[in-house]
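Student: Data file my_file-v2.cif (mmCIF, C-alpha atoms) is appended below.
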data_data
loop_
_atom_site.label_atom_id
_atom_site.label_comp_id
_atom_site.auth_asym_id
_atom_site.auth_seq_id
_atom_site.Cartn_x
_atom_site.Cartn_y
_atom_site.Cartn_z
CA MET K 829 -289.18 161.16 112.40
CA SER K 830 -286.83 163.02 114.72
CA CYS K 831 -284.73 161.36 117.39
CA THR K 832 -286.62 163.32 120.03
CA SER K 833 -290.07 162.10 119.07
CA GLU K 834 -288.85 158.60 118.28
CA TYR K 835 -287.10 157.95 121.60
CA ALA K 836 -288.69 160.35 124.10
CA SER K 837 -291.89 158.30 124.23
CA GLN K 838 -289.90 155.12 124.83
CA LEU K 839 -288.07 156.75 127.72
CA ARG K 840 -291.28 158.20 129.18
CA ALA K 841 -292.92 154.77 129.02
CA ARG K 842 -290.09 153.52 131.25
CA GLY K 843 -290.46 156.46 133.64
CA PHE K 844 -287.51 158.53 132.38
CA ARG K 845 -287.22 161.87 130.63
CA MET K 846 -285.32 162.87 127.52
CA THR K 847 -282.28 164.92 128.50
CA SER K 848 -280.07 166.88 126.14
CA GLN K 849 -277.24 164.40 126.82
CA ARG K 850 -279.42 161.39 125.99
CA LEU K 851 -280.69 163.09 122.86
CA ALA K 852 -277.20 163.96 121.59
CA ILE K 853 -275.97 160.40 122.20
CA LEU K 854 -279.04 158.79 120.64
CA HIS K 855 -278.65 161.10 117.64
CA ALA K 856 -275.00 160.05 117.22
CA LEU K 857 -275.93 156.35 117.40
CA ARG K 858 -278.98 156.69 115.16
CA HIS K 859 -277.08 158.37 112.36
CA ALA K 860 -273.90 156.30 112.55
CA GLU K 861 -273.15 154.01 109.65
CA THR K 862 -271.44 151.53 111.95
CA HIS K 863 -271.02 150.57 115.60
CA LEU K 864 -269.30 153.23 117.65
CA SER K 865 -266.90 153.08 120.54
CA PRO K 866 -267.79 155.25 123.55
CA ARG K 867 -265.00 157.62 122.50
CA GLU K 868 -266.44 157.92 118.97
CA VAL K 869 -269.91 158.58 120.44
CA TYR K 870 -268.36 161.27 122.65
CA ILE K 871 -266.64 162.97 119.70
CA GLN K 872 -269.82 162.98 117.59
CA ALA K 873 -272.23 163.94 120.38
CA LYS K 874 -269.93 166.73 121.62
CA GLN K 875 -270.40 168.48 118.25
CA GLU K 876 -274.11 168.75 119.02
CA LEU K 877 -273.70 169.39 122.76
CA PRO K 878 -270.34 171.11 123.42
CA GLY K 879 -270.54 170.85 127.25
CA LEU K 880 -270.86 167.07 127.15
CA THR K 881 -268.26 165.13 129.17
CA GLU K 882 -266.82 161.73 128.39
CA PRO K 883 -267.89 160.16 131.73
CA THR K 884 -271.46 161.29 130.99
CA VAL K 885 -271.29 159.51 127.64
CA TYR K 886 -270.16 156.25 129.29
CA ARG K 887 -272.93 156.43 131.93
CA THR K 888 -275.56 157.36 129.36
CA LEU K 889 -274.55 154.55 126.99
CA GLU K 890 -274.92 152.06 129.85
CA PHE K 891 -278.30 153.56 130.73
CA LEU K 892 -279.51 153.39 127.10
CA ALA K 893 -278.35 149.78 126.76
CA GLU K 894 -280.03 148.78 130.04
CA ASN K 895 -283.27 150.33 128.80
CA GLY K 896 -283.26 148.76 125.35
CA LEU K 897 -282.51 151.87 123.29
CA ALA K 898 -278.91 150.95 122.47
CA ARG K 899 -277.18 147.63 121.94
CA THR K 900 -273.68 146.64 122.86
CA SER K 901 -271.33 144.35 121.00
CA GLN K 902 -267.87 143.16 121.83
CA THR K 903 -265.11 143.49 119.29
CA GLY K 904 -262.36 140.95 118.90
CA ASN K 905 -260.18 142.96 121.29
CA GLY K 906 -262.81 142.89 124.04
CA HIS K 907 -263.86 146.54 123.77
CA LEU K 908 -267.52 147.48 123.79
CA ARG K 909 -269.08 149.19 120.81
CA TYR K 910 -272.58 150.61 120.62
CA GLN K 911 -275.34 150.91 118.07
CA ILE K 912 -278.94 152.02 118.13
CA ALA K 913 -281.33 149.19 119.05
CA GLY K 914 -283.62 147.70 116.45
CA ASN K 915 -281.38 146.42 113.68
CA ASP K 916 -280.77 142.92 115.02
CA HIS K 917 -277.72 141.41 113.42
CA HIS K 918 -274.46 139.68 114.23
CA HIS K 919 -270.97 139.73 112.73
CA ILE K 920 -268.34 137.51 111.19
CA VAL K 921 -264.79 138.86 111.55
CA CYS K 922 -261.76 137.59 109.65
CA ARG K 923 -259.02 136.44 112.04
CA ILE K 924 -256.33 137.48 109.55
CA CYS K 925 -257.28 140.83 107.98
CA GLY K 926 -260.05 141.94 110.36
CA ASP K 927 -262.61 142.33 107.58
CA GLU K 928 -266.13 142.17 108.93
CA MET K 929 -269.56 141.39 107.58
CA GLU K 930 -273.02 141.54 109.11
CA VAL K 931 -275.17 138.45 109.55
CA ASP K 932 -278.94 138.92 109.70
CA HIS K 933 -280.42 137.77 112.99
CA ALA K 934 -283.08 135.80 111.09
CA LEU K 935 -280.43 133.17 110.32
CA LEU K 936 -280.09 132.45 114.06
CA GLU K 937 -283.70 132.83 115.19
CA ARG K 938 -284.37 129.09 115.39
CA LEU K 939 -281.30 128.70 117.59
CA TYR K 940 -282.54 131.46 119.92
CA HIS K 941 -285.99 129.85 120.17
CA LYS K 942 -284.38 126.48 120.93
CA LEU K 943 -282.20 128.04 123.61
CA GLU K 944 -285.27 129.61 125.20
CA SER K 945 -287.32 126.42 125.13
CA ASP K 946 -284.46 124.22 126.40
CA SER K 947 -283.22 126.61 129.10
CA GLY K 948 -286.47 128.20 130.26
CA TYR K 949 -284.92 131.64 129.80
CA MET K 950 -287.08 134.25 128.11
CA ARG K 951 -286.13 137.02 125.66
CA ILE K 952 -282.54 135.93 125.21
CA ASP K 953 -280.73 138.88 123.71
CA SER K 954 -277.20 138.98 122.42
CA HIS K 955 -275.04 140.37 119.72
CA MET K 956 -272.83 137.56 118.47
CA THR K 957 -269.47 137.92 116.79
CA PHE K 958 -268.20 134.90 114.91
CA PHE K 959 -264.58 134.58 113.82
CA GLY K 960 -263.27 132.85 110.73
CA VAL K 961 -261.06 133.36 107.67
CA CYS K 962 -262.54 135.41 104.84
CA PRO K 963 -262.43 134.24 101.20
CA GLN K 964 -259.61 136.68 100.33
CA CYS K 965 -257.36 135.38 103.14
CA GLN K 966 -258.01 131.66 102.57
#
Could the structure of this file be written out as structure tokens, please?
Tutor:
Amino acid sequence: MSCTSEYASQLRARGFRMTSQRLAILHALRHAETHLSPREVYIQAKQELPGLTEPTVYRTLEFLAENGLARTSQTGNGHLRYQIAGNDHHHIVCRICGDEMEVDHALLERLYHKLESDSGYMRIDSHMTFFGVCPQCQ
């Protein structure tokens, strides 16, 4: 399935249209092997859409995150990174070497349900980063 057909219907359902900028950015996120910084998204998307500007990438990433098509995560240095929505997971980062591993969201689902039932909040959504010391650095 192409990025256009996959995401255009989701945007239309929210009352938005698929622009060439949104498509290039979604394509970069969808085919990335990892989370991308806004700068990395810009570099990749600019290959597909040469006239793309960096401020447009920042605004579009915010738009996509607000509309549930992209997810944000904070790195240990406080910078935002982006990924395509849908692959719910979290991270554990080594405080010493910076090595990182993904943690499946299913491990935390009971905690999320408890938070919702105790707080009254609905659809709690987050991308957690845990910090520890990896086996090689221990």
Student: Taking 6 positions as the minimum chain separation for residues in the same chain, which residues sit within 10 Å of Thr900 of chain K when counting all atoms listed in the file? Answer as a ChimeraX atom specification.
Tutor: /K:863-865,889-890,892-894,907-913,954-955
Student: Could you check the closest approach to Asp916 of chain K for each of K:Glu928, K:Leu851, K:Ala856, K:Met956 and tell me which residue wins, using all atoms listed in the file?
Tutor: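 With all atoms listed in the file as the atom set, the closest residue is K:Met956.
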Student: Quick one: pull the distance between atom CA of Asp927 of chain K and atom CA of Phe958 of chain K, Å, one decimal.
Tutor: 11.8 Å
Student: I need the output of the PyMOL selection byres ((chain K and resi 921) around 12) for this file as JSON, numbers by chain; which residues are they?
Tutor: {"K": [902, 903, 904, 905, 918, 919, 920, 922, 923, 924, 925, 926, 927, 928, 929, 930, 931, 956, 957, 958, 959, 960, 961, 962, 963, 965]}
Student: Would you mind reading off the distance between atom CA of Leu943 of chain K and atom CA of Phe891 of chain K, one decimal, in Å?
Tutor: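 So the two atoms, atom CA of Leu943 of chain K and atom CA of Phe891 of chain K, lie 26.8 Å apart.
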